[in-house]
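Working notes, beginning with the structure itself.
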Amino acid sequence: MLTRLTRLASRHHRQVLIAALVLVPVLAVIGGRVEDHLSVGGFIVPDSESARGEEILQESFDAGSADWVLVLSLTDGKVRDDDVTAAGLDLTEAIGADPGVTEVLSYWTLGEFNITEVSPLESVDGKNTVIAASFDGDEDEQRETAARLETFTEPADMWTAVASGPAEISRQARENAEKDLQRSELIAAPLTLIALLVVFRGLRPALLPLAVAIFAVLGTFTVLSVIARITTVSVFALNLTTALGLGLSIDYCLLMVARFREELGRGRSVELALSHTIQTAGRTVLYSGATVAASLTALLVFPVAYLRSFAYAGVAVVAVACGASLIVLPSLLAWLGPRVGLRTTSKTESFWGRQARRVTRHPIPWALTVTVILILAGLPFLRLEPGRIDDRVLPEDNSARVATEQLRDNFAFRNFNGLGVLAFGADANDEAGLDELTEQILALDNVIRVDTPTGAYYQNDNASKPREFNDRFSSDEGVWVQVISNKDVDDPLTEQLVRNLRSMESPYEDVELVVTGAAASTVDSVDAVTSRLPVALAIIGVITLVVLFLMTGSVVVPVTAVVLNILSLTAAFGALVWIFQDGHLSGFLDFTATGRVDVFTPILMFCIAFGLSMDYEVFLLSRIKEEYDISGDNDEAIVAGIGATGRIVTAAAVLLAIVFVAIATSGVVIVKMFGVGLTIAVVVDAFLVRATLTPALMQIVGRANWWAPRPLRRFHLRWGTWENEPVTLPD
């Protein structure tokens with residue numbers, strides 16, 4: 001295959017470049033509006049208990065969680081005033097008339113309250129109130145409904161209004177993410193070009209990675225446009241597409257161009273230099289792409305569309321970047337020839353070659369020092385508190401966050417998205433069963449109120465009298481009750497309440513209790529990720545070991561590479577907790593710490609960072625193996641291999657860090673986490689692990705690095721090479 005690519009690039013490079021120029025605008029047209037087909041949702045676990053309960057609420061009770069909450073602040077008077085009541089009822093009715101609204105509740109529709117009672121939809125001072133609506137449809141349909149209801153946030157004579165709730169937060173998060181993506185591209189593009197000019201010391205070679213990156217990003221956008229018509233693809237996957245498309249294109253171009261310059265510097269012709277480049281660096285690109293794709297493919301085991309979206313986007317961008325680097329880039333090199341410049345620096349006398357020699361002279365102290373630093377940096381990760389991000393995912397000035405802050409500050413009952421406990425199939429007339437269910441729930445910690453078909457019951461309030469509610473809590477198909485906690489939705493104690501509710505025995509014979517609500521959805525998300533995590537890690541480990549064995553023919557090097565990669569990620573994961581969970585640097589990075597880390601971010605960051613780390617590892621190992629095959633000297637192979645590739649790995653890491661830093665400027669916290677975490681991961685990996693731990697450990701292991709059992713050696717000789725056909729191009 002590589003021989004055919006060499007011939008294609010050498011003999012038909014003009015045709016290839018013309019075809020690429022024609023294809024780029026086609027890809028731009030097809031993939032240019034990809035965001036129109038992407039989803040803001042994908043965070044719900046299908047077939048989970050919470051999702052099943054939400055479906056039952058909507059279909060059998062015409063009810064549901066509060067997807068949209070409108071907070072009204074009166075300019076004069078109190079919520080209970082007659083004129084306010086009349087206007088409030090009209091507003092409630094107008095909101096409920098939207099076709100996407102299945103249920104709407106307000107203070108004025110819940111019935112009369114005694115003067116001493118505080119309604120859950122009334123502020124403590126009586127000057128603020130809430131209208132809560134449940135929406136029909138999936139997350140994207142709910143976002144569209146929230147967009148239509150935005151007209152109700154316009155100021156009126158009696159009040160000012162701001163909207164919040166899951167649907168509104170998702171809508172504003174999408175808008176912010178799209179704006180942030182455009183801004184990050186505007187930041188990253190010029191800085192990347194400047195860095196490329198410094199690295200390549202010339203405009204022509206500096207433009208090569210950008211040309212390949214444009215091809216990779218547009219190609220991936222086109223692939224995502226097709227996939228999004230088949231399944232849910234998260235809009236946040238675009239950030240990964242841009243970052244990886246640019247980052248991998250730069251990585252692969254750096255490797256290919258550096259090798260091409262090196263071959264030209266040896267006095268070889270353009271054709272032969274291109275042949276050696278594709279056979280060596282091109283082969284490395286294929287192995288690197290396979291390891292990165294393997295890490296991202298593991299995300300498919302999670303039953304969450306948000307994580308799967310990054311697998312689709314990541315694998316697509318890797319495939320397109322590899323293809324462009326092995327077809328378009330060689331054609332560009334054949335066209336430019338010596339105009340890309342020459343490289344004559346000695347491998348062993350380069351800065352990284354000298355650094356590798358320093359490390360190999362004293363490998364144990366270097367290895368121990370760096371290992372201790374990384375372990376200490378990773379210790380905060382042991383305190384990880386996974387959960388789902390709330391409104392504080394948005395910047396402080398976003399209206400959805402402002403509305404939620406008003407709920408926290410002004411209302412006695414801040415949890416407007418309570419937990420639903422459904423007894424689907426129970427007899428609505430079974431008062432004894434309902435009483436027992438209510439008593440069990442009120443006995444649990446952090447429960448302050450239970451709304452049932454017969455009334456509202458308060459914990460430790462024997463004097464409260466049940467009030468007749470409407471029939472929203474019962475139907476011919478069963479009953480349900482709403483549980484209000486005195487903790488916020490994202491509080492770990494609320495999630496513990498979910499688990500306590502699920503452990504209760506049903507008072508109804510042969511009827512299962514189903515617990516739903518926002519906190520229940522968080523619990524299901526955490527459980528889904530943790531239960532599938534071992535499978536995902538096994539997939540990453542096995543595929544990576546196999547690919548590295550096929551590249552090196554060793555069973556030792558792949559194992560040490562995986563161990564080093566995991567160790568290199570410890571600092572990034574420790575920083576994730578130290579910064580975003582504990583709140584350090586929150587002022588500098590402009591975010592609000594919640595005491596938790598988004599449950600999806602660590603696994604997502606692990607898969608991406610592991611793939612990128614292995615990308616650099618493949619660059620090093622491929623060249624070290626090549627040098628070892630030539631000389632048979634393990635020590636000199638380490639120095640020569642790192643000397644030849646150290647500058648490439650460092651430059652690639654710096655350029656990729658620029659992209660991730662640009663992403664970290666996002667006002668959406670989950671995107672900021674992604675950018676900050678991956679910036680730390682690639683910098684630590686390139687400057688600490690590849691420059692110290694890799695040569696130190698390979699020096700300690702010695703010639704045993706290249707050991708493999710005899711049957712595996714025979715297998716590698718037969719199947720472990722990508723190219724067996726000799727190249728016959730003239731010198």
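Order determines the names: the first chain of the structure tokens is A, the second B, and so forth; residues in each chain are numbered 1 upward, and ligands are numbered 1 upward as they are shown.
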### Query
Residues of segment 241-402 of chain A in helix (DSSP H, G or I) according to DSSP, as a ChimeraX atom specification?
/A:241-265,270-301,305-340,351-361,363-383,391-393,399-402
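Around Ala156 of chain A, within 12 Å and counting only C-alpha atoms, the residues found are Leu72, Ser73, Leu74, Thr75, Asp76, Val84, Ala87, Gly88, Leu91, Thr151, Phe152, Thr153, Glu154, Met158, Trp159, Thr160, Ala161 and Val162 of chain A, once anything fewer than 2 positions away on its own chain is removed.
Minimum atom-to-atom distances from A:Leu272, A:Ala316, A:Ile579, A:Ile373 to Val676 of chain A were compared using only C-alpha atoms, and the lowest value belongs to A:Ile579.
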### Message
Excluding Val479 of chain A and its own-chain neighbours fewer than 5 positions away, which residues fall within 8 Å of it when counting only C-alpha atoms? Please give them as a ChimeraX atom specification.
### Response
/A:422-428,453,473-474
Create the file for the chosen residues now, containing C-alpha atoms and written as an mmCIF file, in the first residue's frame.
data_model
loop_
_atom_site.group_PDB
_atom_site.id
_atom_site.type_symbol
_atom_site.label_atom_id
_atom_site.label_comp_id
_atom_site.auth_asym_id
_atom_site.auth_seq_id
_atom_site.Cartn_x
_atom_site.Cartn_y
_atom_site.Cartn_z
ATOM 1 C CA LEU A 422 -43.920 6.204 40.366
ATOM 2 C CA ALA A 423 -46.030 3.192 41.253
ATOM 3 C CA PHE A 424 -47.057 2.326 37.707
ATOM 4 C CA GLY A 425 -49.850 -0.234 37.801
ATOM 5 C CA ALA A 426 -50.916 0.558 41.380
ATOM 6 C CA ASP A 427 -54.552 1.112 42.327
ATOM 7 C CA ALA A 428 -55.184 4.854 42.639
ATOM 8 C CA PRO A 453 -52.814 12.700 45.094
ATOM 9 C CA PHE A 473 -50.639 12.597 40.619
ATOM 10 C CA SER A 474 -52.976 9.764 39.639
#
### Val599 of chain A surroundings by only C-alpha atoms, 7 Å radius, close-in-sequence under 5 positions cut, as a PyMOL selection string
chain A and resi 386-388+526
Restrict the selected residues to N, CA and C atoms and save them as a PDB file, in the first residue's frame.
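Contents of result.pdb, freshly written:
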ATOM      1  N   PRO A 386     -17.598  12.812  41.039  1.00  0.00           N
ATOM      2  CA  PRO A 386     -18.250  12.931  39.728  1.00  0.00           C
ATOM      3  C   PRO A 386     -19.719  13.292  39.857  1.00  0.00           C
ATOM      4  N   GLY A 387     -20.215  14.052  38.924  1.00  0.00           N
ATOM      5  CA  GLY A 387     -21.623  14.440  38.917  1.00  0.00           C
ATOM      6  C   GLY A 387     -21.956  15.126  37.616  1.00  0.00           C
ATOM      7  N   ARG A 388     -23.084  15.788  37.563  1.00  0.00           N
ATOM      8  CA  ARG A 388     -23.478  16.549  36.379  1.00  0.00           C
ATOM      9  C   ARG A 388     -23.424  18.038  36.717  1.00  0.00           C
ATOM     10  N   VAL A 526     -23.752   8.505  36.240  1.00  0.00           N
ATOM     11  CA  VAL A 526     -22.548   8.081  36.958  1.00  0.00           C
ATOM     12  C   VAL A 526     -22.435   6.558  36.946  1.00  0.00           C
TER      13      VAL A 526
END
### Task
Report the distance between atom CA of Asp635 of chain A and atom CA of Asp251 of chain A in Å, rounded to one decimal place.
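One can read the atom CA of Asp635 of chain A to atom CA of Asp251 of chain A distance as 26.0 Å.
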### Query
Excluding same-chain residues fewer than 2 positions from segment 389-394 of chain A, what lies within 6 Å of it counting only C-alpha atoms, as a PyMOL selection string?
chain A and resi 401+598+668-669
Take the residues just selected and output them with all heavy atoms as a PDB file, in the first residue's frame.
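Printed below is result.pdb as written:
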ATOM      1  N   ARG A 401     -28.485  31.397  34.189  1.00  0.00           N
ATOM      2  CA  ARG A 401     -27.777  31.299  35.463  1.00  0.00           C
ATOM      3  C   ARG A 401     -28.270  32.352  36.447  1.00  0.00           C
ATOM      4  O   ARG A 401     -28.415  32.079  37.642  1.00  0.00           O
ATOM      5  CB  ARG A 401     -26.275  31.444  35.239  1.00  0.00           C
ATOM      6  CG  ARG A 401     -25.503  31.356  36.536  1.00  0.00           C
ATOM      7  CD  ARG A 401     -24.048  31.160  36.329  1.00  0.00           C
ATOM      8  NE  ARG A 401     -23.343  31.218  37.599  1.00  0.00           N
ATOM      9  CZ  ARG A 401     -22.031  31.132  37.737  1.00  0.00           C
ATOM     10  NH1 ARG A 401     -21.269  30.953  36.679  1.00  0.00           N
ATOM     11  NH2 ARG A 401     -21.477  31.206  38.923  1.00  0.00           N
ATOM     12  N   ASP A 598     -17.685  17.175  36.111  1.00  0.00           N
ATOM     13  CA  ASP A 598     -18.627  16.529  35.202  1.00  0.00           C
ATOM     14  C   ASP A 598     -18.246  15.077  34.986  1.00  0.00           C
ATOM     15  O   ASP A 598     -17.095  14.766  34.664  1.00  0.00           O
ATOM     16  CB  ASP A 598     -18.642  17.273  33.867  1.00  0.00           C
ATOM     17  CG  ASP A 598     -19.540  16.602  32.853  1.00  0.00           C
ATOM     18  OD1 ASP A 598     -20.755  16.526  33.095  1.00  0.00           O
ATOM     19  OD2 ASP A 598     -19.013  16.131  31.825  1.00  0.00           O
ATOM     20  N   VAL A 668     -18.232  28.126  28.626  1.00  0.00           N
ATOM     21  CA  VAL A 668     -18.950  26.920  29.045  1.00  0.00           C
ATOM     22  C   VAL A 668     -17.963  26.020  29.782  1.00  0.00           C
ATOM     23  O   VAL A 668     -16.949  25.612  29.211  1.00  0.00           O
ATOM     24  CB  VAL A 668     -19.566  26.193  27.844  1.00  0.00           C
ATOM     25  CG1 VAL A 668     -20.325  24.951  28.296  1.00  0.00           C
ATOM     26  CG2 VAL A 668     -20.500  27.121  27.078  1.00  0.00           C
ATOM     27  N   VAL A 669     -18.256  25.688  31.023  1.00  0.00           N
ATOM     28  CA  VAL A 669     -17.265  25.045  31.890  1.00  0.00           C
ATOM     29  C   VAL A 669     -16.832  23.678  31.376  1.00  0.00           C
ATOM     30  O   VAL A 669     -15.654  23.331  31.460  1.00  0.00           O
ATOM     31  CB  VAL A 669     -17.807  24.930  33.335  1.00  0.00           C
ATOM     32  CG1 VAL A 669     -16.858  24.119  34.203  1.00  0.00           C
ATOM     33  CG2 VAL A 669     -17.989  26.319  33.930  1.00  0.00           C
TER      34      VAL A 669
END
### Query
Nearest to Phe381 of chain A among A:Arg361, A:Lys672, A:Arg596, A:Arg80, with distances taken over only C-alpha atoms: which residue is it?
A:Arg596
### Nearest-residue call for Glu477 of chain A, choices A:Asn429, A:Ser613, A:Ser295, A:Asn128, using only C-alpha atoms
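Once distances to Glu477 of chain A are computed over only C-alpha atoms, the minimum belongs to A:Asn429.
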#### Entry: Per-residue DSSP, segment 234-481 of chain A, filtered to strand (DSSP E), as a list in words
Pro386, Gly387, Leu419, Gly420, Val421, Leu422, Ala423, Phe424, Val447, Ile448, Arg449, Val450, Asp451, Thr452, Gly455, Ala456, Tyr457, Tyr458, Ser474, Ser475, Gly478, Val479, Trp480 and Val481 of chain A
N, CA, C and O atoms of the current selection, written as a tab-separated table (two decimals), in the first residue's frame:
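This went into selection_39.tsv:
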chain	number	residue	atom	x	y	z
A	386	PRO	N	-17.60	12.81	41.04
A	386	PRO	CA	-18.25	12.93	39.73
A	386	PRO	C	-19.72	13.29	39.86
A	386	PRO	O	-20.39	12.90	40.80
A	387	GLY	N	-20.22	14.05	38.92
A	387	GLY	CA	-21.62	14.44	38.92
A	387	GLY	C	-21.96	15.13	37.62
A	387	GLY	O	-21.20	15.05	36.64
A	419	LEU	N	-37.91	14.94	42.74
A	419	LEU	CA	-37.84	13.53	42.36
A	419	LEU	C	-39.25	12.97	42.26
A	419	LEU	O	-40.11	13.25	43.09
A	420	GLY	N	-39.47	12.19	41.24
A	420	GLY	CA	-40.75	11.52	41.10
A	420	GLY	C	-40.62	10.05	41.46
A	420	GLY	O	-39.70	9.38	41.03
A	421	VAL	N	-41.54	9.57	42.31
A	421	VAL	CA	-41.59	8.15	42.65
A	421	VAL	C	-42.89	7.59	42.08
A	421	VAL	O	-43.98	7.98	42.51
A	422	LEU	N	-42.76	6.71	41.09
A	422	LEU	CA	-43.92	6.20	40.37
A	422	LEU	C	-44.25	4.78	40.79
A	422	LEU	O	-43.35	3.94	40.90
A	423	ALA	N	-45.52	4.55	41.03
A	423	ALA	CA	-46.03	3.19	41.25
A	423	ALA	C	-46.93	2.88	40.06
A	423	ALA	O	-48.16	2.97	40.13
A	424	PHE	N	-46.31	2.55	38.94
A	424	PHE	CA	-47.06	2.33	37.71
A	424	PHE	C	-47.74	0.97	37.78
A	424	PHE	O	-47.10	-0.06	37.93
A	447	VAL	N	-35.62	14.99	53.14
A	447	VAL	CA	-36.93	15.17	52.51
A	447	VAL	C	-37.71	16.19	53.32
A	447	VAL	O	-37.85	16.06	54.53
A	448	ILE	N	-38.22	17.23	52.66
A	448	ILE	CA	-38.99	18.24	53.40
A	448	ILE	C	-40.46	18.24	53.00
A	448	ILE	O	-41.29	18.72	53.76
A	449	ARG	N	-40.77	17.72	51.82
A	449	ARG	CA	-42.17	17.70	51.42
A	449	ARG	C	-42.42	16.58	50.42
A	449	ARG	O	-41.54	16.28	49.60
A	450	VAL	N	-43.61	16.01	50.51
A	450	VAL	CA	-44.03	15.00	49.55
A	450	VAL	C	-45.40	15.40	49.02
A	450	VAL	O	-46.35	15.58	49.79
A	451	ASP	N	-45.50	15.58	47.71
A	451	ASP	CA	-46.77	15.91	47.06
A	451	ASP	C	-47.41	14.63	46.55
A	451	ASP	O	-46.76	13.88	45.79
A	452	THR	N	-48.65	14.39	46.94
A	452	THR	CA	-49.34	13.14	46.60
A	452	THR	C	-50.72	13.46	46.03
A	452	THR	O	-51.16	14.62	46.05
A	455	GLY	N	-52.66	15.26	48.85
A	455	GLY	CA	-52.22	16.50	49.45
A	455	GLY	C	-50.72	16.59	49.59
A	455	GLY	O	-49.98	15.70	49.16
A	456	ALA	N	-50.27	17.69	50.19
A	456	ALA	CA	-48.85	17.92	50.43
A	456	ALA	C	-48.55	17.61	51.88
A	456	ALA	O	-49.22	18.12	52.79
A	457	TYR	N	-47.55	16.79	52.12
A	457	TYR	CA	-47.18	16.38	53.48
A	457	TYR	C	-45.76	16.86	53.76
A	457	TYR	O	-44.85	16.68	52.93
A	458	TYR	N	-45.57	17.45	54.94
A	458	TYR	CA	-44.29	18.02	55.32
A	458	TYR	C	-43.65	17.16	56.40
A	458	TYR	O	-44.32	16.65	57.29
A	474	SER	N	-52.36	11.08	39.79
A	474	SER	CA	-52.98	9.76	39.64
A	474	SER	C	-53.61	9.65	38.26
A	474	SER	O	-53.91	10.64	37.61
A	475	SER	N	-53.76	8.41	37.84
A	475	SER	CA	-54.44	8.11	36.59
A	475	SER	C	-54.96	6.69	36.68
A	475	SER	O	-54.77	5.99	37.69
A	478	GLY	N	-52.01	4.18	37.45
A	478	GLY	CA	-51.18	4.17	38.65
A	478	GLY	C	-51.16	5.50	39.34
A	478	GLY	O	-51.95	6.40	39.05
A	479	VAL	N	-50.21	5.64	40.28
A	479	VAL	CA	-50.03	6.88	41.02
A	479	VAL	C	-48.55	7.23	41.05
A	479	VAL	O	-47.68	6.39	40.81
A	480	TRP	N	-48.30	8.51	41.36
A	480	TRP	CA	-46.91	8.91	41.60
A	480	TRP	C	-46.92	10.03	42.61
A	480	TRP	O	-47.94	10.69	42.83
A	481	VAL	N	-45.79	10.22	43.26
A	481	VAL	CA	-45.63	11.29	44.23
A	481	VAL	C	-44.37	12.07	43.89
A	481	VAL	O	-43.43	11.53	43.29
#### Entry: Contact residues around His37 of chain A with only C-alpha atoms at 8 Å, ignoring same-chain residues under 3 positions, as a ChimeraX atom specification
/A:33-34,225,228-229
How would the residues just picked look written out with N, CA, C and O atoms as a PDB file, in the first residue's frame?
ATOM      1  N   ARG A  33     -22.554  23.355   7.193  1.00  0.00           N
ATOM      2  CA  ARG A  33     -23.670  23.627   8.103  1.00  0.00           C
ATOM      3  C   ARG A  33     -23.919  22.428   9.016  1.00  0.00           C
ATOM      4  O   ARG A  33     -25.056  22.138   9.379  1.00  0.00           O
ATOM      5  N   VAL A  34     -22.863  21.761   9.398  1.00  0.00           N
ATOM      6  CA  VAL A  34     -23.009  20.553  10.207  1.00  0.00           C
ATOM      7  C   VAL A  34     -23.703  20.843  11.535  1.00  0.00           C
ATOM      8  O   VAL A  34     -24.456  20.009  12.054  1.00  0.00           O
ATOM      9  N   SER A 225     -22.062  15.220   9.381  1.00  0.00           N
ATOM     10  CA  SER A 225     -23.358  15.601   8.819  1.00  0.00           C
ATOM     11  C   SER A 225     -24.167  14.373   8.433  1.00  0.00           C
ATOM     12  O   SER A 225     -25.391  14.342   8.599  1.00  0.00           O
ATOM     13  N   ALA A 228     -25.079  12.383  11.783  1.00  0.00           N
ATOM     14  CA  ALA A 228     -26.092  13.080  12.581  1.00  0.00           C
ATOM     15  C   ALA A 228     -27.495  12.860  12.048  1.00  0.00           C
ATOM     16  O   ALA A 228     -28.478  13.066  12.769  1.00  0.00           O
ATOM     17  N   ARG A 229     -27.598  12.458  10.803  1.00  0.00           N
ATOM     18  CA  ARG A 229     -28.921  12.150  10.254  1.00  0.00           C
ATOM     19  C   ARG A 229     -29.385  10.754  10.650  1.00  0.00           C
ATOM     20  O   ARG A 229     -30.549  10.400  10.453  1.00  0.00           O
TER      21      ARG A 229
END
### Query
If we count only C-alpha atoms, what is near Ala237 of chain A at a cut-off of 9 Å, once residues fewer than 6 positions away on the same chain are taken out, given as a count of residues only?
9
### Task
Could you check which of A:Phe221, A:Trp108, A:Phe411, A:Phe619 is closest to Asp36 of chain A, using only C-alpha atoms?
A:Phe221
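With only C-alpha atoms as the atoms that count, the minimum distance from Leu248 of chain A to the choices A:Ser521, A:Thr594, A:Ser325, A:Thr222 is reached by A:Ser325.
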### Message
When you count only C-alpha atoms, which of these residues is closest to Glu141 of chain A: A:Gly41, A:His362, A:Asp62, A:Val217?
### Response
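Nearest candidate to Glu141 of chain A out of A:Gly41, A:His362, A:Asp62, A:Val217: A:Gly41.
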### Query
What separation in Å, quoted to one decimal, exists between atom CA of Ile441 of chain A and atom CA of Thr516 of chain A?
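Separation between atom CA of Ile441 of chain A and atom CA of Thr516 of chain A: 14.3 Å.
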### Summary
The distance between atom CA of Thr232 of chain A and atom CA of Leu186 of chain A is 27.7 Å
